[in-house]
Each structure stands twice: as structure tokens, then as C-alpha cells.
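Scroll down for the structure; my scribbles are underneath it.
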Amino acid sequence: MNAKEIMQIFQDTAYVRTGGSPEELKCAEYLIGKCRELGLEAKLEPFPVQMAEIKEAHLTVDGQEIPCKGYRCAGSGEVEAPFYYLTGSDPHSLAQCKGKIVLVDGLGHWTYHDLVENGAVGFLTYGGDIAAPDRDIDQKELRASVCQGIAKLPGVHMNVKDATQLVAQDAKTAKIVLQQEEYEGESRNVVLEMPGEIPETIVFSAHYDSTSLSQGAYDNMSGSIGILGVAAYFAQHPHRHSLRFVWCGSEERGLLGAKAHCAKEENLKNLVLNINLDMIGSVMGKFAACCTSEEKLVHYISYLGSELGFGITVRQEVYSSDSTPFADKGIPAVTFARMASGRAAPIHVRYDTLELVKGERMEQDIGFITAFAQRMADAVTCPVAKEMPENMKEKLDIYLCRKRDKK
Ligand SMILES: [Zn+2]
């Protein structure tokens, strides 16, 4: 694929496509069409996801209505209580959550558990950039994995400008009204199989869904185009290993597509390596590889960078993307990404458009990834050990919230 064809795909997919939405399905079908243009037959792999339609969401603080969006899948109800801004996870700060509607800086898995365990009756979160001109509010959800086995609290999300104002004015009392209809919906992966000479399979992955405010050009139509480019290469070149390409749905909702794919035993059979792309081709930023594998792969990829004269930083780490469910099943995984600062290339916001990426840069990044993939695909035996080192297992436990990080 050349730069012009690449930019055309960015243009064709310049719309919001959240996990489980009709737009996500539209994009999945578009990707199937792109594979067909290469003479390749890809299929939908549907999986169930929780969905919700918000009927009503209001936040009133000291009698003043604050613009907000209700958390999906956080139940329905009405609650009025003292306002409290939680700034630490120390016992003193946590103890003051009791009976209050609590503003937090971010709602991670453990923060939500802290709120429930310390008797909060509702929660408030915020997003956006205080220096940006917009007052956008992202559509959030209480993930099933976060509230599994514990209470659902009503919560709303607001813009950072309003959250700052509330704290500045020493807000006293908050009221949340949240009404919604929750139901089971469907999201989907797009899966393309390309059999080789041997059954051992390299699986490529990249998510094609976006968050609610974002067209997701950089995050992650770029990676989706990336694996399409790799597929286009192998459609023209013989390969010893079998190859599978998975365009993952609902990554932004908690890696749901990759988790659904990896939950099926038959999908894991013969997998020897996962090559995941999440955000490449940006105008700004440095190219990096993140290996959730034995450390040898780190050295191999950095040597390959030198061999080919391609600037790359490589480290051994768990990356927050679709590579993680594969790694968690013991499949060595590597994520490639061109990492730009949030100032130069903001993600999950309206500013993630095709202006952040560049066709020629995409060609270069795809070229390096293809060179690596080609070596792995033609290997007599996949050289990467099919075992997860202890330090990576530990990081996977923390990332997947089975263990709480002491830090
Ligand atoms: Zn992403």
C-alpha cells in the first residue's frame, strides 16, 4: 500500500466507532471489503458486550446544574449527598468517602473498589484538557470487570473545567440523577486466516474501534491499516508459518475483542507469536517495540533496527493493548507503536484525526514491521520461546487487576 492509498483509508474511516455501535460494524465491513480487494476473505467474529442507553443524567451541585454524561452500565437511581474530592488513597482520605458523592481524578479498577468499600454513595469523574478550547465530555461506562461482585454506584463524567470550578468554590452538596436501559449487545472482531506451509501461526492484531469523542485515526486506524499492509505483503509472498490477522473490536472498552478471541481454546491452538500494532505512522513521536516475552526478543528487534537502519527503542513490558490477552495465555507478544507526546498527538479526544498521521511515515513504519514479520513468518521454527518469564507474569497480574500494585 502506498501513502496515497493509506490516506484514503484514513479518510474513509474518519468517524467515531465505539465498541458495539453500528459504526463499529460499518468499519468492520469496510475492513472486510479492503481484504476482498486483496483477494482475501475475512470474517466477522461477533461477541457479546454490555450496552446501555442513557435516558437521563443530571448533576446538580449546590443548586447549580453541571453539564455531564452518565456512566453507562452504572445502574439507575437518584442520590443526594455531601460533595467530597478524594485526592489520595491513604486511610484518612478514604475514610471521608462514607456517605458522600466523591470526585476522583480517574476511575481505575482499584479506585472504584476503594469507593465502594469506603461507603461512597456516588462518584464523579472528569476528562479533557483545561487548556483546550472545547468542553467535550466523553461517554464513559462502568466496566463489568470493574464492578463484578461489588455494588454499582451511580456516577457521571464532566469536563475538567467544571470539575476544577467545583473544587475551587468548595462545593458542599451534590445530586446525581441517572436513568438508563441496560442490555446485551454485540461487538465484533474481523478475522483473516492465511494458511502457510506449517500449522504454527503468527497472529497479528490491531483494534479498529474508537472512543466516543474520537475518530481514532492515530489510535488506532493507523495500526489497523498497518496490519492490512502486512496482509497485503503476504498475499503476494509465500510464507512458511500460517498467519492470522485480527482487527479487534471494543479494545477501548477493556480489550474486549482480544479477550473474546483468546477465550476460545480453538483460537489459541498453534499460536506461537502475537504482533500487535497500536498507534503508528504519526507525524511526531519515536518508534518503539514493547515485548511481553522473554528478553531475547528485545535484543533481536533492536539489532534488526540497526541492521535495517530504522530508529527504534525496544523494551520488555506489558503494553496496554490487545497484545495483553494473548500474553496472558502464554503467547509471546510484541506491540509496535510510534509514541508521540499527548501534546503533539492527543488520543481519545476530538483532536485525534488524520492530521496527526502521515502516509509516508505509515509506509516506513509498516515497512519495518513487515521486515520483522517476514523473518518470523519464514523462520524454520519460531525462535521466540513460548513461555512467559516471571517478571512479565507479575506485570500481567497487576495490569489485569488480579493483584494490586503496592506502589
Ligand atoms: Zn489504542
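Residue numbering restarts at 1 for every chain of the C-alpha cells, chains are lettered A, B, ... in their displayed order, and ligands are numbered from 1 as they appear.
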
DSSP alpha helix (DSSP H) residues within stretch 155-402 of chain A, as number ranges by chain = A: 160-168, 222-236, 256-262, 265-268, 296-308, 323-328, 359-377, 390-399

So which residues are near ligand 1, meaning at most 9 Å away with only C-alpha atoms and all ligand atoms counted, given back as a list of chain:residue names?
->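 My answer, listing the contacting residues, is A:Ala206, A:His207, A:Tyr208, A:Asp209, A:Ser210, A:Gly216, A:Tyr218, A:Asp219, A:Asn220, A:Met221, A:Gly223, A:Glu251, A:Glu252, A:Leu277, A:Asp278, A:Met279, A:Ser320, A:Ser321, A:Asp322, A:Ile347, A:His348.
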
Those same residues - C-alpha atoms - I'd like them written as a compact mmCIF listing (two decimals), in the first residue's frame.
# COMPACT_ATOMS: atom_id res chain seq x y z
CA ALA A 206 -4.85 -4.10 15.90
CA HIS A 207 -8.01 -2.52 17.26
CA TYR A 208 -10.27 -0.56 14.93
CA ASP A 209 -12.78 0.82 17.46
CA SER A 210 -12.53 4.33 18.89
CA GLY A 216 -9.40 7.33 16.21
CA TYR A 218 -3.86 7.63 15.18
CA ASP A 219 -5.49 5.43 17.86
CA ASN A 220 -5.92 3.10 16.06
CA MET A 221 -6.93 3.16 12.42
CA GLY A 223 -2.47 0.13 13.38
CA GLU A 251 -10.40 -2.52 22.70
CA GLU A 252 -11.16 0.88 24.18
CA LEU A 277 0.03 -2.58 16.38
CA ASP A 278 -1.43 0.24 18.42
CA MET A 279 -0.76 3.73 17.08
CA SER A 320 -1.99 -1.59 27.40
CA SER A 321 -3.43 -3.06 24.22
CA ASP A 322 -4.70 -6.21 22.52
CA ILE A 347 -5.82 10.49 21.76
CA HIS A 348 -9.39 9.72 22.92

Residue contacts of A:Phe372 (9 Å, only C-alpha atoms) excluding same-chain residues fewer than 5 positions away, as an MDAnalysis selection string = chainID A and resid 301 304 367 377

Spatial neighbours of A:Asp105, 10 Å, only C-alpha atoms, chain gap at least 3 places, as a list in words =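 The residues that qualify are Tyr85, Leu86, Thr87, Gly88, Gly108, Thr111, Leu124, Thr125, Tyr126, Gly127, Val160 and Ala163 of chain A.
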
Output of the above residues as a PDB file, in the first residue's frame, restricted to C-alpha atoms:
ATOM      1  CA  TYR A  85     -12.892  15.397  46.425  1.00  0.00           C
ATOM      2  CA  LEU A  86     -10.694  12.336  47.011  1.00  0.00           C
ATOM      3  CA  THR A  87      -7.033  13.174  46.441  1.00  0.00           C
ATOM      4  CA  GLY A  88      -5.240  10.195  47.965  1.00  0.00           C
ATOM      5  CA  GLY A 108      -9.320   2.864  37.833  1.00  0.00           C
ATOM      6  CA  THR A 111     -10.188   3.390  42.932  1.00  0.00           C
ATOM      7  CA  LEU A 124     -17.849  11.973  39.738  1.00  0.00           C
ATOM      8  CA  THR A 125     -15.028  11.888  37.211  1.00  0.00           C
ATOM      9  CA  TYR A 126     -13.677  14.395  34.721  1.00  0.00           C
ATOM     10  CA  GLY A 127     -11.746  14.479  31.480  1.00  0.00           C
ATOM     11  CA  VAL A 160     -12.158  19.242  33.738  1.00  0.00           C
ATOM     12  CA  ALA A 163     -14.593  19.864  37.979  1.00  0.00           C
TER      13      ALA A 163
END

Find the spatial neighbours of A:Leu142, counting only C-alpha atoms, within a cut-off of 8 Å - ignore same-chain residues fewer than 4 positions away - and output them as a list in words.
->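 What passes the distance filter is Tyr71, Arg72, Cys73, Ala74, Val146 and Cys147 of chain A.
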
Output the selection as a CSV table (one decimal), in the first residue's frame - C-alpha atoms for each residue.
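Below you can see selection.csv, which holds the result:
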chain,number,residue,atom,x,y,z
A,71,TYR,CA,-21.8,6.4,33.2
A,72,ARG,CA,-23.2,3.6,31.2
A,73,CYS,CA,-24.0,0.3,33.0
A,74,ALA,CA,-23.8,2.0,36.4
A,146,VAL,CA,-14.5,-3.3,37.5
A,147,CYS,CA,-17.9,-3.7,39.3

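Taking atom CA of A:Gly185 as the reference point, atom CA of A:Asp12 is found at 25.3 Å.
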
Tell me, as a PyMOL selection string, which residues lie within 12 Å of A:Val246, counting only C-alpha atoms; anything in the same chain fewer than 3 positions away does not count.
-> chain A and resi 28+31-32+35+42-45+188-194+202-208+223-228+231+243+249+251+257-262+267+274-277+322-323+326

Would you list, as a PyMOL selection string, the residues of stretch 284-339 of chain A that end up in strand (DSSP E) under DSSP run on this structure's backbone?
-> chain A and resi 286-292+313-316+333-339

A:Gly196 surroundings by only C-alpha atoms, 7 Å radius, close-in-sequence under 3 positions cut, as a PyMOL selection string | chain A and resi 199+239-243

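Proximity ranking of A:Lys140, A:Arg375, A:Lys286, A:Lys358 relative to A:Ser341 places A:Lys286 first, based on only C-alpha atoms.
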
Which is closer to A:Glu78 than all the others in A:Leu38, A:Ala95, A:Leu59, A:Val177, using only C-alpha atoms?
-> A:Val177

Could you check which of A:Ala132, A:Ile280, A:Ile9, A:Leu256 is closest to A:Pro46, using only C-alpha atoms?
->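 For A:Pro46, the nearest of the given residues is A:Leu256.
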
Using only C-alpha atoms: which of A:Met1, A:Val314, A:Pro67, A:Asp62 has the shortest distance to A:Glu80 |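 Of all the options, A:Asp62 lies closest to A:Glu80.
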
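The closest residue to A:Ala171, picked from A:Ala81, A:Gly229, A:Gly254, A:Ala235 and counting only C-alpha atoms, is A:Ala81.
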
Nearest to A:Glu200: which of A:Ala3, A:Leu115, A:Leu273, A:Leu107 is it, counting only C-alpha atoms?
->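 Among the listed residues, the smallest separation from A:Glu200 belongs to A:Leu273.
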
Just how far from atom CA of A:Ala14 is atom CA of A:Val318, in Å to one decimal?
->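 Atom CA of A:Ala14 lies at a distance of 29.3 Å from atom CA of A:Val318.
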